[in-house]
$ cat entry.cif   # mmCIF, C-alpha atoms
data_model
loop_
_atom_site.label_atom_id
_atom_site.label_comp_id
_atom_site.auth_asym_id
_atom_site.auth_seq_id
_atom_site.Cartn_x
_atom_site.Cartn_y
_atom_site.Cartn_z
CA MET A 13 7.29 16.43 2.26
CA ALA A 14 10.76 15.73 3.66
CA ARG A 15 11.58 17.87 6.63
CA LYS A 16 14.90 19.64 6.80
CA ILE A 17 17.27 17.86 9.16
CA ARG A 18 18.96 20.02 11.76
CA SER A 19 22.73 19.79 11.68
CA ASP A 20 22.88 19.37 15.45
CA SER A 21 20.29 16.60 15.49
CA LEU A 22 21.19 13.06 16.49
CA TYR A 23 20.27 11.91 12.98
CA ALA A 24 22.79 14.30 11.42
CA GLN A 25 25.50 13.32 13.90
CA LEU A 26 25.30 9.62 13.11
CA LYS A 27 26.76 7.88 10.08
CA PRO A 28 24.25 5.94 7.97
CA GLU A 29 25.49 2.58 9.28
CA GLN A 30 25.24 3.87 12.83
CA ARG A 31 21.66 4.97 12.21
CA ASP A 32 20.88 1.51 10.88
CA LEU A 33 22.35 -0.09 13.95
CA LEU A 34 20.51 2.26 16.29
CA PHE A 35 17.19 1.62 14.51
CA SER A 36 17.89 -2.08 14.70
CA TRP A 37 18.46 -1.87 18.46
CA LEU A 38 15.37 0.18 19.05
CA LEU A 39 12.96 -1.41 16.60
CA ASP A 40 14.17 -4.99 16.18
CA GLU A 41 15.66 -5.73 19.55
CA GLY A 42 13.25 -3.38 21.26
CA ILE A 43 15.76 -2.11 23.79
CA GLY A 44 14.86 0.91 25.91
CA LEU A 45 16.09 4.44 25.33
CA GLU A 46 18.43 4.28 28.33
CA GLU A 47 20.18 1.17 27.04
CA ALA A 48 20.28 2.61 23.52
CA SER A 49 21.96 5.71 24.87
CA ALA A 50 24.54 3.58 26.68
CA ARG A 51 25.25 1.53 23.55
CA CYS A 52 25.66 4.73 21.52
CA ALA A 53 28.21 5.93 24.04
CA GLU A 54 30.07 2.65 23.95
CA GLN A 55 30.03 2.09 20.20
CA PHE A 56 29.68 5.54 18.62
CA GLY A 57 31.42 7.67 21.19
CA LEU A 58 28.42 9.91 21.79
CA GLN A 59 25.74 9.62 24.43
CA PRO A 60 22.45 11.07 23.24
CA ALA A 61 19.79 12.17 25.68
CA GLU A 62 16.75 9.93 25.80
CA SER A 63 14.66 12.79 24.42
CA SER A 64 16.99 12.94 21.41
CA LEU A 65 16.62 9.21 20.88
CA SER A 66 12.87 9.49 21.21
CA GLY A 67 12.78 12.28 18.63
CA PHE A 68 15.10 10.32 16.35
CA LEU A 69 12.79 7.34 16.48
CA ARG A 70 9.63 9.37 16.05
CA GLN A 71 10.92 11.39 13.11
CA HIS A 72 12.87 8.76 11.22
CA GLY A 73 11.76 5.37 12.50
CA PHE A 74 8.87 5.09 10.09
CA VAL A 75 11.00 5.80 7.03
CA TRP A 76 13.60 3.28 8.16
CA ARG A 77 10.97 0.60 8.79
CA MET A 78 9.29 1.23 5.43
CA ASP A 79 12.54 1.15 3.47
CA ARG A 80 13.70 -2.01 5.19
CA ALA A 81 10.30 -3.68 4.80
CA LYS A 82 10.22 -2.84 1.09
CA GLU A 83 13.72 -4.20 0.67
CA ILE A 84 12.78 -7.46 2.39
CA ALA A 85 9.51 -7.79 0.44
CA ASN A 86 11.18 -7.07 -2.89
CA ASP A 87 13.93 -9.53 -2.10
CA LYS A 88 11.43 -12.28 -1.24
CA ALA A 89 9.40 -11.55 -4.36
CA THR A 90 12.40 -11.77 -6.65
CA LYS A 91 13.40 -15.11 -5.14
CA LEU A 92 10.10 -16.71 -6.11
CA PRO A 93 10.12 -18.94 -9.19
CA LYS A 94 9.81 -16.99 -12.42
CA ASP A 95 6.58 -18.75 -13.35
CA PHE A 96 4.99 -18.05 -9.96
CA ASP A 97 1.47 -16.68 -10.33
CA ALA A 98 1.77 -12.88 -10.63
CA LYS A 99 -1.22 -12.17 -8.41
CA LYS A 100 0.06 -14.43 -5.66
CA ARG A 101 3.52 -12.94 -6.03
CA THR A 102 2.07 -9.49 -5.38
CA MET A 103 0.03 -10.75 -2.44
CA LEU A 104 2.98 -12.55 -0.95
CA ALA A 105 5.24 -9.52 -1.34
CA GLN A 106 2.56 -7.36 0.29
CA ARG A 107 2.33 -9.78 3.19
CA GLU A 108 6.10 -9.91 3.56
CA PHE A 109 6.08 -6.13 3.62
CA GLU A 110 3.50 -6.13 6.39
CA VAL A 111 5.43 -8.69 8.41
CA ALA A 112 8.62 -6.70 8.06
CA SER A 113 7.01 -3.37 8.84
CA HIS A 114 4.51 -4.27 11.51
CA ASP A 115 3.40 -6.96 13.92
CA LEU A 116 0.73 -9.23 12.50
CA ASN A 117 -2.47 -10.36 14.10
CA GLY A 118 -3.44 -14.06 14.24
CA SER A 119 -5.47 -14.18 11.03
CA GLN A 120 -2.71 -12.40 9.14
CA ILE A 121 -0.19 -14.95 10.37
CA ILE A 122 -2.41 -17.81 9.18
CA ALA A 123 -2.89 -16.05 5.85
CA LEU A 124 0.86 -15.66 5.58
CA GLN A 125 1.40 -19.33 6.33
CA ARG A 126 -1.06 -20.23 3.59
CA LEU A 127 0.77 -18.01 1.17
CA ASP A 128 4.03 -19.53 2.25
CA LEU A 129 2.63 -22.96 1.45
CA ASP A 130 1.64 -21.69 -1.97
CA ARG A 131 5.19 -20.52 -2.43
CA GLN A 132 6.56 -23.91 -1.43
CA ILE A 133 4.17 -25.61 -3.83
CA ALA A 134 5.24 -23.26 -6.58
CA GLU A 135 8.86 -23.89 -5.78
CA THR A 136 8.21 -27.63 -5.90
CA GLN A 137 6.47 -27.18 -9.24
CA GLY A 138 9.46 -25.18 -10.30
CA LYS A 139 11.68 -28.10 -9.33
CA ILE A 140 9.46 -30.49 -11.29
CA GLU A 141 9.82 -28.20 -14.27
CA LEU A 142 13.54 -28.21 -13.73
CA GLN A 143 13.55 -32.01 -13.60
CA LYS A 144 11.60 -32.07 -16.86
CA LEU A 145 14.19 -29.81 -18.43
CA ILE A 146 17.00 -32.02 -17.16
CA ILE A 147 15.27 -35.12 -18.56
CA ALA A 148 14.73 -33.32 -21.87
CA ARG A 149 18.41 -32.41 -21.92
CA VAL A 150 19.45 -35.99 -21.15
CA LYS A 151 17.20 -37.18 -23.98
CA LEU A 152 18.79 -34.67 -26.31
CA ASP A 153 22.25 -35.81 -25.25
CA GLN A 154 21.12 -39.40 -25.87
CA LYS A 155 19.90 -38.44 -29.33
CA THR A 156 23.25 -36.83 -30.09
CA GLN A 157 25.00 -39.96 -28.86
CA ASP A 158 22.71 -42.13 -31.03
CA GLN A 159 23.57 -40.00 -34.06
CA LYS A 160 27.26 -40.39 -33.31
CA LEU A 161 26.89 -44.15 -33.01
CA ALA A 162 24.89 -44.28 -36.26
CA ARG A 163 27.63 -42.37 -38.04
CA GLU A 164 30.29 -44.70 -36.65
CA LYS A 165 28.23 -47.68 -37.81
CA PHE A 166 27.87 -46.13 -41.26
CA GLU A 167 31.60 -45.54 -41.52
CA MET A 168 32.23 -49.11 -40.40
CA ASP A 169 29.81 -50.45 -43.02
CA VAL A 170 31.53 -48.42 -45.75
CA ALA A 171 34.91 -49.71 -44.65
CA LYS A 172 33.62 -53.29 -44.75
CA LYS A 173 32.13 -52.74 -48.20
CA LEU A 174 35.42 -51.42 -49.48
CA LEU A 175 37.09 -54.60 -48.30
CA ASP A 176 34.50 -56.67 -50.15
CA ALA A 177 35.89 -57.75 -53.58
CA THR A 178 32.41 -58.10 -55.14
CA PHE A 179 31.49 -54.58 -54.12
CA ARG A 180 34.80 -53.21 -55.38
CA ALA A 181 34.13 -54.79 -58.77
CA GLN A 182 30.65 -53.26 -58.84
CA ALA A 183 32.07 -49.94 -57.81
CA ASN A 184 34.64 -50.08 -60.62
CA GLU A 185 31.92 -50.89 -63.13
CA ILE A 186 29.82 -47.96 -61.95
CA ALA A 187 32.80 -45.64 -61.97
CA ASN A 188 33.75 -46.63 -65.52
CA SER A 189 30.20 -46.50 -66.89
CA ASP A 190 28.74 -43.81 -69.13
CA LEU A 191 26.38 -42.63 -66.40
CA SER A 192 26.31 -39.04 -65.32
CA ASN A 193 28.15 -38.23 -62.16
CA ALA A 194 24.87 -37.92 -60.23
CA ASP A 195 23.68 -41.33 -61.46
CA LYS A 196 27.06 -42.86 -60.64
CA ILE A 197 26.73 -41.56 -57.06
CA ALA A 198 23.17 -42.93 -56.78
CA ALA A 199 24.25 -46.26 -58.22
CA MET A 200 27.24 -46.46 -55.89
CA ARG A 201 25.04 -45.72 -52.88
CA LYS A 202 22.61 -48.41 -53.92
CA ALA A 203 25.36 -50.90 -54.59
CA ALA A 204 26.87 -50.27 -51.24
CA PHE A 205 23.75 -49.99 -49.11
CA SER A 206 20.91 -51.85 -50.75
CA ASP A 207 20.19 -54.70 -52.95
CA VAL A 208 21.58 -54.09 -56.44
CA ASP A 209 18.84 -56.07 -58.15
CA GLU A 210 16.25 -53.90 -56.48
CA LEU A 211 17.98 -50.88 -57.92
CA GLN A 212 17.94 -52.33 -61.38
CA ALA A 213 14.29 -53.33 -61.04
CA SER A 214 13.41 -49.73 -60.31
CA GLY A 215 14.65 -48.80 -63.78
CA LYS A 216 15.87 -45.48 -62.57
CA VAL A 217 19.50 -46.43 -62.81
CA VAL A 218 21.08 -48.98 -65.12
CA ILE A 219 23.87 -50.73 -63.37
CA PRO A 220 26.47 -51.71 -65.92
CA ARG A 221 27.51 -55.34 -65.95
CA MET B 288 -12.41 21.33 12.02
CA ASP B 289 -9.51 23.70 11.58
CA PRO B 290 -8.75 23.63 7.83
CA ARG B 291 -5.03 23.71 8.52
CA ARG B 292 -5.23 20.64 10.77
CA GLN B 293 -7.44 18.92 8.21
CA GLN B 294 -4.81 19.59 5.58
CA ASN B 295 -2.05 18.34 7.87
CA ILE B 296 -3.88 15.08 8.45
CA ARG B 297 -4.48 14.53 4.74
CA ARG B 298 -0.87 15.34 3.95
CA ALA B 299 0.38 13.02 6.69
CA ILE B 300 -1.72 10.18 5.31
CA LEU B 301 -0.38 10.73 1.80
CA GLU B 302 3.20 10.98 3.05
CA LYS B 303 2.94 7.69 4.93
CA LEU B 304 1.38 5.91 1.99
CA GLU B 305 3.90 7.33 -0.42
CA ARG B 306 6.73 6.02 1.72
CA ALA B 307 5.18 2.55 1.73
CA GLU B 308 4.44 2.36 -1.98
CA PRO B 309 4.31 0.18 -4.01
CA TYR B 310 2.97 -1.62 -0.98
CA ALA B 311 -0.18 -0.84 0.92
CA LEU B 312 -0.45 0.06 4.58
CA PRO B 313 -3.07 -1.62 6.73
CA GLU B 314 -5.51 0.98 8.01
CA ASP B 315 -4.64 0.49 11.67
CA SER B 316 -0.93 0.88 10.95
CA LEU B 317 -1.61 3.98 8.89
CA GLN B 318 -3.62 5.49 11.72
CA VAL B 319 -0.88 4.81 14.26
CA GLU B 320 1.76 6.32 12.03
CA VAL B 321 -0.27 9.40 11.19
CA ASN B 322 -1.17 9.88 14.83
CA ALA B 323 2.51 9.81 15.76
CA THR B 324 3.12 12.92 13.69
CA LEU B 325 0.22 15.00 14.96
CA ARG B 326 -0.41 17.05 18.03
CA PRO B 327 -3.00 16.92 19.54
CA PRO B 328 -3.56 13.21 18.90
CA LEU B 329 -5.68 12.18 15.96
CA ALA B 330 -9.34 11.53 16.64
CA GLN B 331 -10.97 8.58 14.89
CA ALA B 332 -13.46 10.86 13.15
CA GLU B 333 -10.68 13.10 11.87
CA PHE B 334 -8.86 10.13 10.42
CA ASP B 335 -11.99 8.64 8.87
CA ASP B 336 -12.98 11.99 7.35
CA ALA B 337 -9.54 12.53 5.88
CA LEU B 338 -9.46 9.06 4.35
CA ALA B 339 -12.97 9.44 2.96
CA PHE B 340 -12.02 12.76 1.38
CA LEU B 341 -8.80 11.40 -0.12
CA GLN B 342 -10.56 8.31 -1.43
CA GLY B 343 -13.38 10.41 -2.86
CA GLN B 344 -10.83 12.50 -4.73
CA ARG B 345 -9.02 9.29 -5.82
CA PHE B 346 -5.82 10.31 -4.10
CA VAL B 347 -5.82 7.00 -2.21
CA ALA B 348 -7.34 3.61 -2.91
CA THR B 349 -7.94 0.41 -0.98
CA LEU B 350 -6.16 -2.82 -1.73
CA PRO B 351 -8.46 -5.81 -1.39
CA ASP B 352 -7.12 -8.69 0.65
CA GLU B 353 -8.57 -11.95 -0.61
CA LEU B 354 -7.29 -13.87 2.36
CA ASP B 355 -8.64 -11.46 4.93
CA PRO B 356 -11.50 -9.35 3.52
CA ASN B 357 -11.89 -7.52 6.83
CA LEU B 358 -8.40 -6.12 6.60
CA VAL B 359 -8.47 -2.71 4.91
CA LYS B 360 -5.23 -1.58 3.32
CA TRP B 361 -4.53 1.72 1.69
CA LEU B 362 -2.42 2.71 -1.29
CA ILE B 363 -1.50 6.10 -2.67
CA THR B 364 -2.55 6.74 -6.27
CA GLU B 365 -0.66 8.63 -8.96
CA SER B 366 -2.98 11.58 -8.36
CA GLY B 367 -2.14 11.41 -4.67
CA LYS B 368 1.58 11.53 -5.42
CA THR B 369 1.07 14.45 -7.75
CA LEU B 370 -0.88 16.29 -5.07
CA LEU B 371 1.85 15.64 -2.53
CA ARG B 372 4.49 17.13 -4.80
CA LYS B 373 2.52 20.35 -5.31
#
$ encode --input "entry.cif" --output "structure tokens"
Amino acid sequence: MARKIRSDSLYAQLKPEQRDLLFSWLLDEGIGLEEASARCAEQFGLQPAESSLSGFLRQHGFVWRMDRAKEIANDKATKLPKDFDAKKRTMLAQREFEVASHDLNGSQIIALQRLDLDRQIAETQGKIELQKLIIARVKLDQKTQDQKLAREKFEMDVAKKLLDATFRAQANEIANSDLSNADKIAAMRKAAFSDVDELQASGKVVIPR
Amino acid sequence: MDPRRQQNIRRAILEKLERAEPYALPEDSLQVEVNATLRPPLAQAEFDDALAFLQGQRFVATLPDELDPNLVKWLITESGKTLLRK
């Protein structure tokens, strides 16, 4: 249950950013109460008694450490690759939380290093996946380029055919024939792009002579 | 044990764990933090009894640590949070 904060308490007198700074001095830098009091006087314009600082730390230090540790752990967890194993993600975040909130013993540090290696491996795997995606994208770009080249070749072939007198004569014959429009198109395609005799041999289309 | 003190210890444990959630607090850290809020200082037996009671009632649970099985960490459960709000 949250305790009511006295209006004359050091906590109430400080702005949130000043509290952060004071916690940082006391808990991160580990400066003594006397020095903290002097810094408060210099930077905040108020000089709390050491007993006030001690009370401030005792009453609010835990909450500050927890909130900061959670923030750090959450931040680390969200920076892991999206496909990072969920169980390891949770374990790693938990370990980050412990590091940020408390000193670790030797075995915990080794465990953390192992987890960190896992993270690096996962990140490397993530990079490999990224490389695969890049290669896939390059291949797709290549395919698009190939299609473009094929179309240009097709257009070139058509242009050449149109310049060919023999083909033009065949085309005129097809156009003037009694074939249906669909058959004329099929015959024209065959005349332009495959052997005409082969088309006739198929019997599907009669090429007029 | 004085029932009021017993209640204070249990509440202090739940409050510390609630503040840490969704993360778990290692047992030694939890004990230090709870001790810091109590006068007279917390005896080991008091702490152990309170944790055993809260675990028995499923207000707290342990988080297994695969990398360090000897490290006991504690989490608050939904029931524990509900109890704390009452």
$ resolve_selection --input "entry.cif" --expression "the PyMOL selection byres ((chain B and resi 367) around 12)" --output "PyMOL selection string"
chain B and resi 297-305+308+338+340-348+361-366+368-373
$ resolve_selection --input "entry.cif" --expression "the PyMOL selection byres ((chain A and resi 59) around 12)" --output "count of residues only"
23
$ interface_residues --input "entry.cif" --of "chain B" --to "chain A" --cutoff "8 Å" --atoms "only C-alpha atoms" --output "PDB file with C-alpha atoms, in the coordinates of the input"
ATOM      1  CA  GLU B 302       3.200  10.980   3.050  1.00  0.00           C
ATOM      2  CA  ARG B 306       6.730   6.020   1.720  1.00  0.00           C
ATOM      3  CA  ALA B 307       5.180   2.550   1.730  1.00  0.00           C
ATOM      4  CA  TYR B 310       2.970  -1.620  -0.980  1.00  0.00           C
ATOM      5  CA  ALA B 311      -0.180  -0.840   0.920  1.00  0.00           C
ATOM      6  CA  LEU B 312      -0.450   0.060   4.580  1.00  0.00           C
ATOM      7  CA  PRO B 313      -3.070  -1.620   6.730  1.00  0.00           C
ATOM      8  CA  SER B 316      -0.930   0.880  10.950  1.00  0.00           C
ATOM      9  CA  GLU B 320       1.760   6.320  12.030  1.00  0.00           C
ATOM     10  CA  ALA B 323       2.510   9.810  15.760  1.00  0.00           C
ATOM     11  CA  THR B 324       3.120  12.920  13.690  1.00  0.00           C
ATOM     12  CA  LEU B 354      -7.290 -13.870   2.360  1.00  0.00           C
ATOM     13  CA  ASP B 355      -8.640 -11.460   4.930  1.00  0.00           C
ATOM     14  CA  LEU B 371       1.850  15.640  -2.530  1.00  0.00           C
ATOM     15  CA  ARG B 372       4.490  17.130  -4.800  1.00  0.00           C
TER      16      ARG B 372
END
$ closest_residue --input "entry.cif" --among "A:Lys173, A:Ala198, A:Phe96, A:Tyr23" --to "Gly67 in chain A" --atoms "only C-alpha atoms"
A:Tyr23
$ resolve_selection --input "entry.cif" --expression "the PyMOL selection byres ((chain A and resi 187) around 12)" --output "mmCIF file with C-alpha atoms, keeping the file's coordinate frame"
data_model
loop_
_atom_site.group_PDB
_atom_site.id
_atom_site.type_symbol
_atom_site.label_atom_id
_atom_site.label_comp_id
_atom_site.auth_asym_id
_atom_site.auth_seq_id
_atom_site.Cartn_x
_atom_site.Cartn_y
_atom_site.Cartn_z
ATOM 1 C CA PHE A 179 31.490 -54.580 -54.120
ATOM 2 C CA ARG A 180 34.800 -53.210 -55.380
ATOM 3 C CA ALA A 181 34.130 -54.790 -58.770
ATOM 4 C CA GLN A 182 30.650 -53.260 -58.840
ATOM 5 C CA ALA A 183 32.070 -49.940 -57.810
ATOM 6 C CA ASN A 184 34.640 -50.080 -60.620
ATOM 7 C CA GLU A 185 31.920 -50.890 -63.130
ATOM 8 C CA ILE A 186 29.820 -47.960 -61.950
ATOM 9 C CA ASN A 188 33.750 -46.630 -65.520
ATOM 10 C CA SER A 189 30.200 -46.500 -66.890
ATOM 11 C CA ASP A 190 28.740 -43.810 -69.130
ATOM 12 C CA LEU A 191 26.380 -42.630 -66.400
ATOM 13 C CA SER A 192 26.310 -39.040 -65.320
ATOM 14 C CA ASN A 193 28.150 -38.230 -62.160
ATOM 15 C CA ALA A 194 24.870 -37.920 -60.230
ATOM 16 C CA ASP A 195 23.680 -41.330 -61.460
ATOM 17 C CA LYS A 196 27.060 -42.860 -60.640
ATOM 18 C CA ILE A 197 26.730 -41.560 -57.060
ATOM 19 C CA ALA A 198 23.170 -42.930 -56.780
ATOM 20 C CA ALA A 199 24.250 -46.260 -58.220
ATOM 21 C CA MET A 200 27.240 -46.460 -55.890
ATOM 22 C CA ARG A 201 25.040 -45.720 -52.880
ATOM 23 C CA ALA A 203 25.360 -50.900 -54.590
ATOM 24 C CA ILE A 219 23.870 -50.730 -63.370
ATOM 25 C CA PRO A 220 26.470 -51.710 -65.920
ATOM 26 C CA ARG A 221 27.510 -55.340 -65.950
#
$ atom_distance --input "entry.cif" --atom1 "CA of Lys27 in chain A" --atom2 "CA of Glu83 in chain A"
20.1 Å
$ atom_distance --input "entry.cif" --atom1 "CA of Ile84 in chain A" --atom2 "CA of Ala112 in chain A"
7.1 Å
$ atom_distance --input "entry.cif" --atom1 "CA of Ala89 in chain A" --atom2 "CA of Arg101 in chain A"
6.3 Å
$ residues_around --input "entry.cif" --residues "Phe334 in chain B" --least-positions-apart "2" --cutoff "10 Å" --atoms "only C-alpha atoms" --output "PyMOL selection string"
chain B and resi 293+296-297+300+317-318+321-322+329-332+336-340
$ decode --input "entry.cif" --residues "range 340-366 of chain B" --atoms "N, CA and C atoms" --output "tab-separated table (two decimals), in the first residue's frame"
chain	number	residue	atom	x	y	z
B	340	PHE	N	3.70	-19.31	4.25
B	340	PHE	CA	2.26	-19.06	4.31
B	340	PHE	C	1.75	-18.51	2.97
B	341	LEU	N	2.45	-17.50	2.47
B	341	LEU	CA	2.01	-16.86	1.22
B	341	LEU	C	2.07	-17.84	0.04
B	342	GLN	N	3.08	-18.69	0.04
B	342	GLN	CA	3.18	-19.68	-1.04
B	342	GLN	C	2.07	-20.73	-0.90
B	343	GLY	N	1.81	-21.14	0.34
B	343	GLY	CA	0.76	-22.12	0.59
B	343	GLY	C	-0.62	-21.62	0.15
B	344	GLN	N	-0.81	-20.33	0.29
B	344	GLN	CA	-2.09	-19.71	-0.11
B	344	GLN	C	-2.07	-19.29	-1.58
B	345	ARG	N	-0.96	-19.54	-2.25
B	345	ARG	CA	-0.76	-19.19	-3.68
B	345	ARG	C	-0.80	-17.68	-3.92
B	346	PHE	N	-0.35	-16.94	-2.94
B	346	PHE	CA	-0.25	-15.49	-3.13
B	346	PHE	C	1.11	-15.13	-3.75
B	347	VAL	N	2.06	-16.03	-3.60
B	347	VAL	CA	3.38	-15.86	-4.23
B	347	VAL	C	3.77	-17.20	-4.84
B	348	ALA	N	4.72	-17.12	-5.77
B	348	ALA	CA	5.20	-18.36	-6.41
B	348	ALA	C	6.69	-18.20	-6.70
B	349	THR	N	7.36	-19.31	-6.85
B	349	THR	CA	8.79	-19.24	-7.18
B	349	THR	C	8.97	-19.27	-8.68
B	350	LEU	N	10.04	-18.65	-9.12
B	350	LEU	CA	10.39	-18.66	-10.54
B	350	LEU	C	11.64	-19.52	-10.68
B	351	PRO	N	11.53	-20.65	-11.36
B	351	PRO	CA	12.71	-21.49	-11.50
B	351	PRO	C	13.78	-20.82	-12.35
B	352	ASP	N	15.02	-21.02	-11.96
B	352	ASP	CA	16.14	-20.47	-12.72
B	352	ASP	C	16.93	-21.64	-13.27
B	353	GLU	N	16.80	-21.87	-14.57
B	353	GLU	CA	17.45	-23.03	-15.18
B	353	GLU	C	18.97	-22.93	-15.13
B	354	LEU	N	19.45	-21.71	-15.13
B	354	LEU	CA	20.90	-21.54	-15.15
B	354	LEU	C	21.50	-21.66	-13.75
B	355	ASP	N	20.70	-21.38	-12.76
B	355	ASP	CA	21.19	-21.44	-11.39
B	355	ASP	C	20.07	-21.97	-10.50
B	356	PRO	N	19.92	-23.30	-10.46
B	356	PRO	CA	18.79	-23.91	-9.72
B	356	PRO	C	18.79	-23.58	-8.23
B	357	ASN	N	19.95	-23.19	-7.70
B	357	ASN	CA	20.00	-22.88	-6.27
B	357	ASN	C	19.46	-21.48	-5.95
B	358	LEU	N	19.27	-20.71	-6.98
B	358	LEU	CA	18.80	-19.34	-6.78
B	358	LEU	C	17.26	-19.34	-6.75
B	359	VAL	N	16.72	-18.97	-5.60
B	359	VAL	CA	15.25	-18.95	-5.46
B	359	VAL	C	14.77	-17.52	-5.69
B	360	LYS	N	13.83	-17.42	-6.62
B	360	LYS	CA	13.25	-16.09	-6.91
B	360	LYS	C	11.75	-16.16	-6.69
B	361	TRP	N	11.22	-15.04	-6.27
B	361	TRP	CA	9.80	-15.01	-5.93
B	361	TRP	C	9.02	-14.02	-6.78
B	362	LEU	N	7.82	-14.44	-7.11
B	362	LEU	CA	6.89	-13.61	-7.90
B	362	LEU	C	5.58	-13.46	-7.14
B	363	ILE	N	4.91	-12.37	-7.34
B	363	ILE	CA	3.55	-12.23	-6.78
B	363	ILE	C	2.56	-12.82	-7.78
B	364	THR	N	1.53	-13.46	-7.29
B	364	THR	CA	0.50	-14.02	-8.18
B	364	THR	C	-0.67	-13.03	-8.28
B	365	GLU	N	-1.60	-13.35	-9.14
B	365	GLU	CA	-2.80	-12.50	-9.27
B	365	GLU	C	-3.56	-12.47	-7.94
B	366	SER	N	-3.62	-13.63	-7.28
B	366	SER	CA	-4.31	-13.69	-5.98
B	366	SER	C	-3.59	-12.79	-4.98
